[in-house]
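*Asks:* So here's entry22.cif (mmCIF, C-alpha atoms and all ligand atoms).
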data_run
#
loop_
_atom_site.label_atom_id
_atom_site.label_comp_id
_atom_site.auth_asym_id
_atom_site.auth_seq_id
_atom_site.Cartn_x
_atom_site.Cartn_y
_atom_site.Cartn_z
CA MET J 1034 -0.86 14.45 19.29
CA THR J 1035 -2.45 11.02 19.05
CA LEU J 1036 -6.16 10.82 19.79
CA ASP J 1037 -7.76 7.51 20.63
CA LEU J 1038 -11.34 7.68 19.45
CA PRO J 1039 -13.17 4.37 19.58
CA LEU J 1040 -16.34 4.62 17.47
CA PRO J 1041 -19.18 2.66 19.00
CA ARG J 1042 -21.32 1.73 16.03
CA THR J 1043 -24.68 2.22 17.70
CA SER J 1044 -24.18 5.89 18.54
CA GLU J 1045 -22.56 6.57 15.19
CA GLU J 1046 -25.38 4.96 13.28
CA GLN J 1047 -27.81 7.33 14.86
CA ARG J 1048 -25.87 10.23 13.36
CA VAL J 1049 -25.21 9.01 9.83
CA PRO J 1050 -27.57 9.82 6.97
CA VAL J 1051 -29.23 6.99 5.03
CA TYR J 1052 -27.02 5.65 2.23
CA ARG J 1053 -28.15 6.64 -1.26
CA SER J 1054 -26.77 4.47 -4.03
CA SER J 1055 -26.98 7.34 -6.50
CA ASP J 1056 -24.18 9.05 -4.57
CA PRO J 1057 -21.18 6.75 -4.13
CA THR J 1058 -19.31 9.44 -2.21
CA GLN J 1059 -21.36 8.52 0.83
CA SER J 1060 -19.19 5.63 2.08
CA ALA J 1061 -19.55 6.97 5.61
CA SER J 1062 -23.30 6.42 5.58
CA VAL J 1063 -23.17 2.69 4.79
CA ARG J 1064 -24.70 0.70 7.65
CA PRO J 1065 -24.95 -3.00 8.54
CA THR J 1066 -28.47 -2.90 7.10
CA THR J 1067 -27.57 -1.29 3.74
CA PRO J 1068 -28.65 -3.79 1.02
CA LEU J 1069 -25.61 -5.06 -0.91
CA ASP J 1070 -27.41 -4.44 -4.18
CA ASP J 1071 -27.71 -0.77 -3.27
CA LEU J 1072 -23.95 -0.29 -3.01
CA ASN J 1073 -22.56 1.89 -5.76
CA LEU J 1074 -18.82 1.30 -5.86
CA ASN J 1075 -18.17 2.97 -9.21
CA TRP J 1076 -16.59 6.20 -8.10
CA THR J 1077 -15.59 8.59 -10.85
CA GLU J 1078 -12.40 10.62 -10.67
CA LYS J 1079 -14.48 13.70 -9.85
CA GLN J 1080 -16.39 11.98 -7.06
CA LEU J 1081 -13.27 10.52 -5.54
CA PRO J 1082 -10.24 12.59 -6.53
CA GLU J 1083 -6.72 11.35 -5.94
CA ARG J 1084 -6.21 13.42 -2.79
CA GLU J 1085 -9.11 11.54 -1.15
CA ARG J 1086 -7.90 8.14 -2.30
CA THR J 1087 -4.45 8.91 -0.96
CA LYS J 1088 -5.55 10.69 2.22
CA HIS J 1089 -3.25 10.81 5.26
CA VAL J 1090 -0.94 7.79 5.59
CA HIS J 1091 -2.26 6.05 2.47
CA ARG J 1092 0.37 8.00 0.50
CA LEU J 1093 3.30 7.57 2.89
CA HIS J 1094 5.09 5.66 0.16
CA PRO J 1095 4.01 4.75 -3.40
CA TYR J 1096 2.72 1.22 -3.93
CA LEU J 1097 1.32 -0.19 -7.17
CA GLY J 1098 -1.66 -2.47 -6.80
CA LYS J 1099 -3.52 -1.14 -3.80
CA TYR J 1100 -7.26 -0.79 -3.52
CA ILE J 1101 -8.85 2.42 -2.39
CA PRO J 1102 -9.58 3.13 1.28
CA GLN J 1103 -13.20 4.11 0.52
CA LEU J 1104 -13.90 0.61 -0.82
CA VAL J 1105 -12.60 -0.91 2.40
CA GLU J 1106 -14.59 1.61 4.42
CA VAL J 1107 -17.83 0.50 2.74
CA PHE J 1108 -17.26 -3.16 3.64
CA ILE J 1109 -16.03 -2.47 7.16
CA ARG J 1110 -19.10 -0.36 7.87
CA ARG J 1111 -21.40 -2.92 6.27
CA PHE J 1112 -20.00 -6.03 7.97
CA PHE J 1113 -17.93 -5.18 11.06
CA ALA J 1114 -18.64 -3.58 14.43
CA ALA J 1115 -16.12 -1.63 16.51
CA GLY J 1116 -14.07 -4.04 18.62
CA GLU J 1117 -14.29 -6.91 16.10
CA THR J 1118 -11.26 -8.11 14.12
CA VAL J 1119 -10.68 -8.14 10.37
CA LEU J 1120 -7.96 -10.16 8.63
CA ASP J 1121 -6.22 -9.25 5.38
CA PRO J 1122 -3.98 -12.15 4.25
CA PHE J 1123 -2.62 -9.98 1.38
CA SER J 1124 -2.26 -6.75 3.30
CA GLY J 1125 0.07 -5.03 0.79
CA SER J 1126 0.46 -1.38 1.70
CA GLY J 1127 -1.95 -1.76 4.63
CA THR J 1128 -5.13 -0.16 3.27
CA THR J 1129 -7.42 -2.59 5.10
CA LEU J 1130 -5.54 -2.27 8.36
CA VAL J 1131 -5.42 1.53 8.39
CA GLN J 1132 -9.10 1.90 7.44
CA ALA J 1133 -10.16 -0.70 9.99
CA ASN J 1134 -8.32 1.17 12.71
CA GLU J 1135 -9.97 4.44 11.70
CA LEU J 1136 -13.33 2.75 12.32
CA GLY J 1137 -12.38 1.15 15.64
CA VAL J 1138 -12.00 -2.37 14.18
CA ASN J 1139 -8.95 -4.47 15.12
CA ALA J 1140 -6.89 -5.64 12.16
CA ILE J 1141 -4.38 -8.37 11.39
CA GLY J 1142 -2.41 -8.44 8.15
CA TYR J 1143 0.00 -10.81 6.45
CA ASP J 1144 2.21 -10.13 3.49
CA ILE J 1145 5.10 -12.01 1.91
CA SER J 1146 6.97 -8.77 1.21
CA ALA J 1147 9.04 -7.51 4.16
CA PHE J 1148 8.97 -3.97 2.82
CA ASN J 1149 5.17 -3.96 2.57
CA VAL J 1150 4.95 -5.11 6.18
CA LEU J 1151 7.36 -2.39 7.29
CA MET J 1152 5.32 0.21 5.39
CA THR J 1153 2.06 -0.99 6.91
CA ASN J 1154 3.36 -1.01 10.47
CA VAL J 1155 4.76 2.50 9.99
CA LYS J 1156 1.45 3.76 8.58
CA ALA J 1157 -0.63 2.20 11.31
CA GLY J 1158 1.80 3.02 14.14
CA ARG J 1159 1.17 5.25 17.11
CA TYR J 1160 3.45 8.28 17.40
CA ASP J 1161 4.34 10.96 19.87
CA VAL J 1162 4.29 13.67 17.24
CA SER J 1163 6.51 16.14 19.10
CA THR J 1164 9.24 13.48 19.41
CA LEU J 1165 8.78 12.51 15.77
CA ARG J 1166 8.99 16.14 14.70
CA LYS J 1167 12.26 16.63 16.64
CA GLU J 1168 13.74 13.46 15.17
CA VAL J 1169 12.80 14.41 11.63
CA SER J 1170 14.28 17.86 11.96
CA ASP J 1171 17.43 16.49 13.62
CA ILE J 1172 18.16 13.84 10.98
CA ILE J 1173 17.58 16.29 8.14
CA ASP J 1174 19.95 18.83 9.74
CA LYS J 1175 22.60 16.20 10.39
CA THR J 1176 22.30 14.76 6.89
CA GLU J 1177 22.73 18.18 5.40
CA ARG J 1178 25.76 18.90 7.57
CA CYS J 1179 27.48 15.58 7.07
CA THR J 1180 27.02 15.55 3.32
CA ASP J 1181 28.98 18.77 3.46
CA GLN J 1182 27.28 20.57 0.59
CA PRO J 1183 26.24 24.18 0.56
CA ARG J 1184 22.51 24.52 -0.24
CA GLN J 1185 22.85 26.04 -3.72
CA SER J 1186 25.31 23.42 -4.96
CA LEU J 1187 22.83 20.63 -4.26
CA TRP J 1188 21.43 21.15 -7.75
CA GLY J 1189 24.81 20.94 -9.46
CA LYS J 1190 27.09 18.08 -10.41
CA PRO J 1191 28.87 16.03 -7.76
CA THR J 1192 32.07 17.77 -6.72
CA ARG J 1193 33.75 15.32 -4.39
CA SER J 1194 34.06 11.62 -3.84
CA SER J 1195 31.94 10.07 -1.13
CA SER J 1196 33.27 8.88 2.18
CA ARG J 1197 30.29 6.55 2.39
CA ALA J 1198 31.02 4.12 -0.41
CA THR J 1199 29.10 0.88 -0.88
CA ASP J 1200 29.91 -2.17 -2.93
CA ASN J 1201 26.23 -2.80 -3.65
CA GLU J 1202 26.00 -3.01 -7.45
CA TYR J 1203 22.36 -1.97 -7.65
CA LEU J 1204 22.91 1.16 -5.55
CA ASN J 1205 26.01 2.16 -7.47
CA ALA J 1206 24.23 1.72 -10.80
CA TRP J 1207 20.93 3.40 -9.96
CA PHE J 1208 22.05 6.53 -8.10
CA ALA J 1209 24.30 9.43 -9.01
CA PRO J 1210 27.30 9.65 -6.61
CA ARG J 1211 25.95 12.65 -4.74
CA ALA J 1212 22.46 11.21 -4.38
CA LEU J 1213 23.86 7.94 -3.07
CA ASP J 1214 26.09 9.77 -0.62
CA GLU J 1215 23.10 11.67 0.78
CA LEU J 1216 20.98 8.53 1.04
CA LEU J 1217 23.76 6.62 2.79
CA ALA J 1218 24.39 9.55 5.15
CA PHE J 1219 20.70 9.63 6.15
CA GLN J 1220 20.66 5.87 6.49
CA SER J 1221 23.73 5.78 8.74
CA LEU J 1222 21.92 8.02 11.25
CA ILE J 1223 18.58 6.21 11.36
CA SER J 1224 19.30 3.62 14.04
CA SER J 1225 19.82 6.25 16.75
CA TYR J 1226 16.18 7.41 16.60
CA GLU J 1227 13.09 6.05 18.33
CA TYR J 1228 11.08 6.25 15.11
CA ALA J 1229 13.72 4.54 13.00
CA ASP J 1230 11.10 2.65 10.95
CA PHE J 1231 9.33 5.86 9.94
CA LEU J 1232 12.72 7.24 8.83
CA LYS J 1233 13.38 4.09 6.80
CA ILE J 1234 10.19 4.76 4.86
CA VAL J 1235 11.28 8.38 4.25
CA LEU J 1236 14.66 7.06 3.05
CA CYS J 1237 13.04 4.61 0.63
CA ARG J 1238 10.56 7.11 -0.75
CA ALA J 1239 13.42 9.55 -1.39
CA ALA J 1240 15.48 6.77 -2.98
CA ARG J 1241 12.59 5.93 -5.31
CA SER J 1242 12.51 9.52 -6.57
CA ALA J 1243 16.28 9.86 -6.70
CA ARG J 1244 16.91 6.86 -8.96
CA LEU J 1245 18.57 7.51 -12.29
CA THR J 1246 15.41 7.31 -14.31
CA THR J 1247 13.09 9.53 -16.29
CA HIS J 1248 10.31 11.60 -14.71
CA PHE J 1249 7.74 9.44 -16.50
CA ASP J 1250 9.09 6.02 -15.59
CA LEU J 1251 9.22 5.86 -11.82
CA ASP J 1252 6.95 2.80 -11.73
CA PHE J 1253 8.81 0.36 -13.95
CA PRO J 1254 12.28 1.71 -14.83
CA LYS J 1255 14.24 -0.92 -16.71
CA ARG J 1256 17.76 0.48 -16.74
CA PRO J 1257 19.51 3.54 -15.30
CA VAL J 1258 19.31 6.72 -17.41
CA THR J 1259 22.49 8.76 -17.13
CA GLN J 1260 22.06 11.30 -19.94
CA PRO J 1261 19.61 14.18 -20.56
CA TYR J 1262 16.40 12.85 -22.17
CA SER J 1263 13.35 14.17 -23.91
CA CYS J 1264 10.69 14.28 -21.19
CA TYR J 1265 7.12 14.01 -22.50
CA LYS J 1266 5.78 14.69 -19.00
CA HIS J 1267 7.36 18.16 -18.84
CA GLY J 1268 7.60 18.82 -22.60
CA ARG J 1269 11.33 19.60 -22.50
CA THR J 1270 14.75 18.04 -22.08
CA CYS J 1271 15.24 16.87 -18.49
CA GLU J 1272 18.22 15.42 -16.68
CA PRO J 1273 18.20 12.47 -14.31
CA THR J 1274 18.48 13.73 -10.75
CA GLN J 1275 21.91 14.03 -9.17
CA THR J 1276 20.75 14.56 -5.61
CA ALA J 1277 18.53 12.96 -2.97
CA PHE J 1278 18.59 15.54 -0.19
CA LYS J 1279 15.68 17.56 -1.59
CA PHE J 1280 13.57 14.38 -1.60
CA LEU J 1281 14.68 13.38 1.89
CA SER J 1282 13.63 16.73 3.33
CA ARG J 1283 10.41 16.94 1.27
CA TYR J 1284 9.21 13.44 2.16
CA ALA J 1285 10.25 13.75 5.80
CA ALA J 1286 7.98 16.80 6.09
CA ASP J 1287 5.19 15.20 4.05
CA GLY J 1288 5.36 11.96 6.03
CA LEU J 1289 5.22 13.85 9.30
CA ARG J 1290 2.14 15.76 8.14
CA ARG J 1291 0.42 12.56 7.04
CA VAL J 1292 1.16 10.76 10.31
CA GLU J 1293 -0.20 13.78 12.20
CA GLN J 1294 -3.40 13.72 10.11
CA PHE J 1295 -3.94 10.02 10.75
CA GLY J 1296 -3.15 10.58 14.44
CA GLN J 1297 -6.27 12.73 14.62
CA LEU J 1298 -8.38 9.80 13.38
CA ARG J 1299 -6.52 6.86 14.85
CA THR J 1300 -8.49 4.75 17.33
CA ALA J 1301 -7.29 2.44 20.12
CA ALA J 1302 -8.10 -0.60 17.95
CA ASP J 1303 -5.25 -3.07 17.62
CA VAL J 1304 -3.25 -3.32 14.37
CA GLN J 1305 -0.68 -6.02 13.64
CA CYS J 1306 1.02 -6.91 10.39
CA PHE J 1307 3.25 -9.95 9.90
CA ASN J 1308 5.72 -10.97 7.24
CA ALA J 1309 4.46 -14.44 6.36
CA ASP J 1310 3.29 -16.63 3.52
CA SER J 1311 -0.49 -16.77 3.85
CA ARG J 1312 -0.50 -20.33 2.54
CA ASP J 1313 1.00 -21.60 5.76
CA GLY J 1314 1.22 -18.76 8.29
CA SER J 1315 -0.60 -19.52 11.52
CA ILE J 1316 -3.71 -17.34 11.63
CA ALA J 1317 -5.45 -16.00 14.74
CA ALA J 1318 -9.25 -16.22 15.15
CA VAL J 1319 -10.95 -13.30 13.39
CA ASP J 1320 -14.47 -12.04 12.69
CA GLY J 1321 -14.01 -11.73 8.95
CA ILE J 1322 -11.72 -11.08 6.01
CA ILE J 1323 -11.40 -8.19 3.57
CA THR J 1324 -8.67 -8.64 0.99
CA SER J 1325 -7.50 -8.06 -2.56
CA PRO J 1326 -5.22 -10.91 -3.65
CA PRO J 1327 -2.58 -10.35 -6.33
CA TYR J 1328 -3.96 -10.65 -9.87
CA VAL J 1329 -2.50 -13.22 -12.27
CA GLY J 1330 0.85 -12.13 -13.72
CA LEU J 1331 0.38 -8.39 -13.27
CA ILE J 1332 2.83 -7.03 -10.68
CA ASP J 1333 6.08 -8.15 -9.07
CA TYR J 1334 5.51 -6.85 -5.57
CA HIS J 1335 9.10 -7.21 -4.38
CA GLU J 1336 10.59 -5.86 -7.59
CA GLN J 1337 8.59 -2.62 -7.52
CA HIS J 1338 10.45 -1.72 -4.31
CA ARG J 1339 13.85 -3.13 -5.31
CA TYR J 1340 15.65 0.02 -4.04
CA ALA J 1341 14.20 -0.57 -0.56
CA TYR J 1342 15.40 -4.17 -0.42
CA GLU J 1343 18.89 -3.09 -1.50
CA LEU J 1344 19.11 -0.14 0.87
CA LEU J 1345 17.62 -1.79 3.94
CA GLY J 1346 19.06 -5.26 3.33
CA LEU J 1347 15.60 -6.86 3.61
CA THR J 1348 15.12 -10.52 2.76
CA ASP J 1349 13.63 -10.97 -0.70
CA ARG J 1350 10.95 -13.68 -0.75
CA GLY J 1351 9.77 -12.85 -4.25
CA ASP J 1352 9.87 -16.54 -5.18
CA LEU J 1353 6.93 -17.07 -2.81
CA GLU J 1354 4.78 -14.34 -4.35
CA ILE J 1355 1.52 -15.60 -5.77
CA GLY J 1356 0.66 -14.45 -9.30
CA SER J 1357 3.84 -12.46 -9.86
CA ALA J 1358 4.36 -10.71 -13.20
CA SER J 1359 7.51 -12.71 -13.84
CA ASP J 1360 5.41 -15.91 -13.83
CA GLY J 1361 3.30 -14.52 -16.68
CA GLN J 1362 -0.34 -15.25 -17.53
CA SER J 1363 0.00 -18.56 -19.37
CA LYS J 1364 -2.41 -21.44 -18.73
CA ARG J 1365 0.27 -22.93 -16.52
CA ALA J 1366 0.58 -19.70 -14.53
CA GLN J 1367 -3.20 -19.58 -14.14
CA ALA J 1368 -3.29 -23.17 -12.86
CA ALA J 1369 -0.54 -22.40 -10.35
CA TYR J 1370 -2.48 -19.31 -9.26
CA VAL J 1371 -5.61 -21.38 -8.63
CA GLU J 1372 -3.67 -23.89 -6.59
CA ASN J 1373 -1.87 -21.21 -4.54
CA MET J 1374 -5.02 -19.20 -3.87
CA ARG J 1375 -6.82 -22.34 -2.74
CA GLU J 1376 -3.98 -23.04 -0.33
CA VAL J 1377 -4.29 -19.54 1.12
CA LEU J 1378 -8.06 -19.76 1.52
CA GLU J 1379 -7.88 -23.26 3.00
CA ASN J 1380 -5.43 -21.84 5.53
CA VAL J 1381 -7.27 -18.64 6.44
CA VAL J 1382 -11.01 -19.33 6.05
CA PRO J 1383 -11.20 -21.71 9.06
CA SER J 1384 -10.00 -18.82 11.29
CA VAL J 1385 -13.14 -16.82 10.52
CA ALA J 1386 -16.03 -16.97 12.99
CA GLU J 1387 -19.10 -18.89 11.76
CA GLY J 1388 -21.19 -16.62 9.50
CA GLY J 1389 -18.38 -14.03 9.33
CA PRO J 1390 -17.88 -12.06 6.08
CA ILE J 1391 -15.15 -12.98 3.58
CA ILE J 1392 -14.82 -10.20 1.03
CA ILE J 1393 -12.45 -10.81 -1.87
CA VAL J 1394 -11.74 -8.04 -4.37
CA ALA J 1395 -10.30 -9.63 -7.50
CA GLY J 1396 -9.61 -8.77 -11.11
CA ASP J 1397 -10.86 -12.12 -12.30
CA LYS J 1398 -10.02 -11.67 -15.98
CA PHE J 1399 -9.53 -15.42 -16.43
CA ASP J 1400 -12.65 -16.42 -14.48
CA LEU J 1401 -10.63 -18.48 -12.00
CA TYR J 1402 -12.49 -17.68 -8.78
CA PRO J 1403 -15.37 -20.11 -9.31
CA THR J 1404 -12.73 -22.86 -9.28
CA ILE J 1405 -10.75 -21.29 -6.44
CA LEU J 1406 -13.78 -20.99 -4.16
CA GLN J 1407 -15.20 -24.41 -5.04
CA GLY J 1408 -15.43 -26.74 -2.03
CA LEU J 1409 -14.28 -24.21 0.56
CA PRO J 1410 -16.31 -23.96 3.78
CA LEU J 1411 -18.07 -20.74 2.79
CA SER J 1412 -21.05 -19.58 0.81
CA CYS J 1413 -20.66 -16.98 -1.91
CA ASP J 1414 -23.68 -14.76 -1.35
CA THR J 1415 -23.18 -12.09 -4.02
CA ILE J 1416 -20.69 -11.08 -6.66
CA LEU J 1417 -20.55 -7.31 -7.07
CA LYS J 1418 -18.94 -5.73 -10.11
CA ARG J 1419 -16.94 -2.56 -9.82
CA HIS J 1420 -16.01 -0.35 -12.73
CA VAL J 1421 -12.48 0.96 -12.24
CA ASN J 1422 -11.68 3.91 -14.48
CA ARG J 1423 -9.43 6.20 -12.53
CA ARG J 1424 -5.98 4.88 -13.26
CA THR J 1425 -3.40 7.33 -14.46
CA GLY J 1426 0.01 7.13 -16.13
CA ARG J 1427 1.19 3.90 -17.67
CA ARG J 1428 -1.55 1.89 -15.98
CA SER J 1429 -4.39 3.99 -17.34
CA GLY J 1430 -7.48 2.40 -18.83
CA GLU J 1431 -10.62 0.86 -17.47
CA PHE J 1432 -11.52 -2.60 -16.27
CA HIS J 1433 -13.96 -4.37 -13.97
CA GLU J 1434 -13.19 -5.87 -10.60
CA SER J 1435 -15.29 -8.61 -9.08
CA ILE J 1436 -16.05 -8.46 -5.39
CA PHE J 1437 -16.94 -11.86 -4.00
CA VAL J 1438 -19.07 -11.35 -0.91
CA CYS J 1439 -18.99 -14.64 0.98
CA SER J 1440 -19.79 -15.90 4.48
CA ARG J 1441 -18.05 -18.56 6.49
CA ARG J 1442 -20.20 -21.73 6.64
CA SER J 1443 -18.52 -24.68 8.32
CA GLY J 1444 -21.07 -27.28 7.19
CA SER J 1445 -21.29 -26.19 3.57
CA GLU J 1446 -19.08 -26.38 0.51
CA CYS J 1447 -19.05 -23.39 -1.80
CA ARG J 1448 -20.47 -24.08 -5.26
CA LEU J 1449 -20.06 -21.41 -7.90
CA GLY J 1450 -20.06 -21.09 -11.61
C1 LIG J 1501 -3.09 -6.72 -4.60
S1 LIG J 1501 -1.84 -6.61 -3.40
C2 LIG J 1501 -2.72 -6.14 -1.96
C3 LIG J 1501 -2.89 -4.66 -1.89
C4 LIG J 1501 -3.60 -4.17 -0.65
N1 LIG J 1501 -5.00 -4.47 -0.69
C5 LIG J 1501 -3.41 -2.66 -0.53
O1 LIG J 1501 -4.38 -1.91 -0.63
O2 LIG J 1501 -2.28 -2.23 -0.39
C6 LIG J 1501 -1.40 -8.26 -3.09
C7 LIG J 1501 -0.33 -8.47 -2.02
O3 LIG J 1501 -0.21 -9.89 -1.83
C8 LIG J 1501 1.12 -10.14 -1.42
N2 LIG J 1501 1.40 -11.57 -1.58
C9 LIG J 1501 1.68 -12.26 -2.71
N3 LIG J 1501 1.89 -13.55 -2.43
C10 LIG J 1501 1.72 -13.71 -1.09
C11 LIG J 1501 1.78 -14.81 -0.21
N4 LIG J 1501 2.11 -16.05 -0.63
N5 LIG J 1501 1.52 -14.61 1.11
C12 LIG J 1501 1.22 -13.37 1.57
N6 LIG J 1501 1.18 -12.27 0.77
C13 LIG J 1501 1.40 -12.44 -0.55
C14 LIG J 1501 1.95 -9.22 -2.27
O4 LIG J 1501 3.22 -8.98 -1.70
C15 LIG J 1501 1.07 -7.97 -2.35
O5 LIG J 1501 1.48 -7.03 -1.40
#
Kindly present the structure from the file in structure tokens form.
*Replies:*
Amino acid sequence: MTLDLPLPRTSEEQRVPVYRSSDPTQSASVRPTTPLDDLNLNWTEKQLPERERTKHVHRLHPYLGKYIPQLVEVFIRRFFAAGETVLDPFSGSGTTLVQANELGVNAIGYDISAFNVLMTNVKAGRYDVSTLRKEVSDIIDKTERCTDQPRQSLWGKPTRSSSRATDNEYLNAWFAPRALDELLAFQSLISSYEYADFLKIVLCRAARSARLTTHFDLDFPKRPVTQPYSCYKHGRTCEPTQTAFKFLSRYAADGLRRVEQFGQLRTAADVQCFNADSRDGSIAAVDGIITSPPYVGLIDYHEQHRYAYELLGLTDRGDLEIGSASDGQSKRAQAAYVENMREVLENVVPSVAEGGPIIIVAGDKFDLYPTILQGLPLSCDTILKRHVNRRTGRRSGEFHESIFVCSRRSGSECRLG
């Protein structure tokens, strides 16, 4: 069941306790009057465990490079009122848009990656849960029947050739024959359902897990692994998976549960996400911006979801990604990043209402933002530092993020640094 619960700020403010900076778990008690210097954004793993950071639809599909919903919540509560509109020109997996909706704030997102936009619109969508439940159960049943495999043999080796062949080289290289057959069977059924886009996300999440890779290299697998391997994650010899059905059914159920959970919190606020280049996309008038741009040379946002592009036949616009890993971190790459980020901000800042907040969360390792912000029609009021120490797996380690808290000023030119 979907509940529309607009949250008028005035009545809510009367209920929330006063924010105490010593306890960063209190995001919900941040108010428009909370002093910026009081904000404590340095959550520890214990204070903000993974299940909270990946609550409801935030874990509908893995995505490397997202910020945490609680960070967005703090800035929405501090700077936006219910009914206003926030823009995220690098909306990624949709964290800003989903959190804004939860707080009754309208949200517009742009992202160059078609898969990210699909993911965001699926997360933020409105669902009739009983219809979704029927569709999920129906497609899983049909997939199981048409892949023609008794339950127990799903764990064994492929026993027959597939009737659903593809000439896609990537798919043939990265999936065992049985896994590919199951994925293609599920995919062939999707278009007949109302919630086809939700099912596409289930398909892609299952495909991610079913790739021929090791259990410890789901983020950046370089080449297919077809033989048993020594798995440091499980401390034994593991085999690359031969099947996808178990993932399809597991993620269909998990996705349904997550959508139901968000449905309990979803408000009537508007959410729209567009597949566009933020350097030149036409931007609607908004009350403010909250965003985390790509960092310099860290992640290839299209490449991390290669399986989705291949399966869904989405257009790859990776050449338009700003700061992609493949461009590296050289001086030249940094200069290109500055130029591209300036183009984005020159395009989007004028859409913000006078005095509106522009919050930019950036890993500014190369100290480029003073140059990027220079001369733009905004004032940079504060730069907050955030200690990030919760990363796990291959991306573990700690670092600091800078949060540039700016306001739109049409008559002024930002001077920093
Ligand atoms: C750091 S991520 C944003 C993550 C987001 N805050 C979240 O929580 O999911 C940066 C995003 O910028 C997108 N991007 C890169 N270049 C872009 C461009 N020229 N126009 C629009 N989006 C772009 C990438 O595809 C990526 O999804």
*Asks:* Give me, as a list in words, the set of residues whose atoms come within 6 Å of any atom of ligand LIG 1501 (chain J), counting only C-alpha atoms and all ligand atoms.
*Replies:*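 Listed by chain and ascending number, the contacts are Gly1098, Lys1099, Tyr1100, Pro1122, Phe1123, Ser1124, Gly1125, Ser1126, Gly1127, Thr1128, Tyr1143, Asp1144, Ile1145, Ser1146, Ala1309, Asp1310, Ser1311, Arg1312, Thr1324, Ser1325, Pro1326, Pro1327, Tyr1334, Leu1353, Glu1354 and Ile1355 of chain J.
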*Asks:* Tell me which of J:Asn1134, J:Ser1224, J:Ser1315, J:Asn1149 sits closest to J:Glu1168, counting all atoms listed in the file.
*Replies:* J:Ser1224
*Asks:* Select all residues near (12.0, 5.7, 19.2) (cut-off 12 Å, inclusive, file coordinates), counting all atoms listed in the file, and output them as an MDAnalysis selection string.
*Replies:* chainID J and resid 1158:1169 1223:1232
*Asks:* Kindly provide, as a PyMOL selection string, the polymer residues lying within 8 Å of (8.9, 5.7, -6.5), counting only C-alpha atoms and using the coordinates exactly as they appear in the file.
*Replies:* chain J and resi 1094-1095+1238-1242+1251-1252+1338
*Asks:* Can you tell me how far atom CA of J:Lys1279 sits from atom CA of J:Pro1254, in Å to one decimal?
*Replies:*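 Separation of atom CA of J:Lys1279 and atom CA of J:Pro1254: 20.9 Å.
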*Asks:* So what do you get for atom CA of J:Gln1080 versus atom CA of J:Thr1058, distance-wise?
*Replies:*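 That distance, rounded to one decimal, is 6.2 Å.
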*Asks:* Do you know which residues are at most 9 Å from stretch 1275-1277 of chain J counting only C-alpha atoms, after dropping those on the same chain fewer than 2 positions away, and could you put them as a PyMOL selection string?
*Replies:* chain J and resi 1187-1191+1208-1216+1239-1240+1242-1245+1272-1273+1279-1282
*Asks:* Listing only residues of stretch 1078-1149 of chain J within 12 Å of stretch 1060-1073 of chain J, what is the closest atom pair and its distance in Å (to one decimal) for each, using only C-alpha atoms, sorted by chain and residue number ascending, as JSON lines?
*Replies:*
{"residue": "J:Gln1080", "atom": "CA", "partner": "J:Ser1060", "partner_atom": "CA", "distance": 11.5}
{"residue": "J:Leu1081", "atom": "CA", "partner": "J:Ser1060", "partner_atom": "CA", "distance": 10.8}
{"residue": "J:Ile1101", "atom": "CA", "partner": "J:Ser1060", "partner_atom": "CA", "distance": 11.7}
{"residue": "J:Pro1102", "atom": "CA", "partner": "J:Ser1060", "partner_atom": "CA", "distance": 10.0}
{"residue": "J:Gln1103", "atom": "CA", "partner": "J:Ser1060", "partner_atom": "CA", "distance": 6.4}
{"residue": "J:Leu1104", "atom": "CA", "partner": "J:Ser1060", "partner_atom": "CA", "distance": 7.8}
{"residue": "J:Val1105", "atom": "CA", "partner": "J:Ser1060", "partner_atom": "CA", "distance": 9.3}
{"residue": "J:Glu1106", "atom": "CA", "partner": "J:Ser1060", "partner_atom": "CA", "distance": 6.5}
{"residue": "J:Val1107", "atom": "CA", "partner": "J:Ser1060", "partner_atom": "CA", "distance": 5.3}
{"residue": "J:Phe1108", "atom": "CA", "partner": "J:Val1063", "partner_atom": "CA", "distance": 8.4}
{"residue": "J:Ile1109", "atom": "CA", "partner": "J:Pro1065", "partner_atom": "CA", "distance": 9.0}
{"residue": "J:Arg1110", "atom": "CA", "partner": "J:Arg1064", "partner_atom": "CA", "distance": 5.7}
{"residue": "J:Arg1111", "atom": "CA", "partner": "J:Pro1065", "partner_atom": "CA", "distance": 4.2}
{"residue": "J:Phe1112", "atom": "CA", "partner": "J:Pro1065", "partner_atom": "CA", "distance": 5.8}
{"residue": "J:Phe1113", "atom": "CA", "partner": "J:Pro1065", "partner_atom": "CA", "distance": 7.8}
{"residue": "J:Ala1114", "atom": "CA", "partner": "J:Pro1065", "partner_atom": "CA", "distance": 8.7}
{"residue": "J:Ala1115", "atom": "CA", "partner": "J:Pro1065", "partner_atom": "CA", "distance": 12.0}
{"residue": "J:Gln1132", "atom": "CA", "partner": "J:Ala1061", "partner_atom": "CA", "distance": 11.8}
{"residue": "J:Glu1135", "atom": "CA", "partner": "J:Ala1061", "partner_atom": "CA", "distance": 11.6}
{"residue": "J:Leu1136", "atom": "CA", "partner": "J:Ala1061", "partner_atom": "CA", "distance": 10.1}
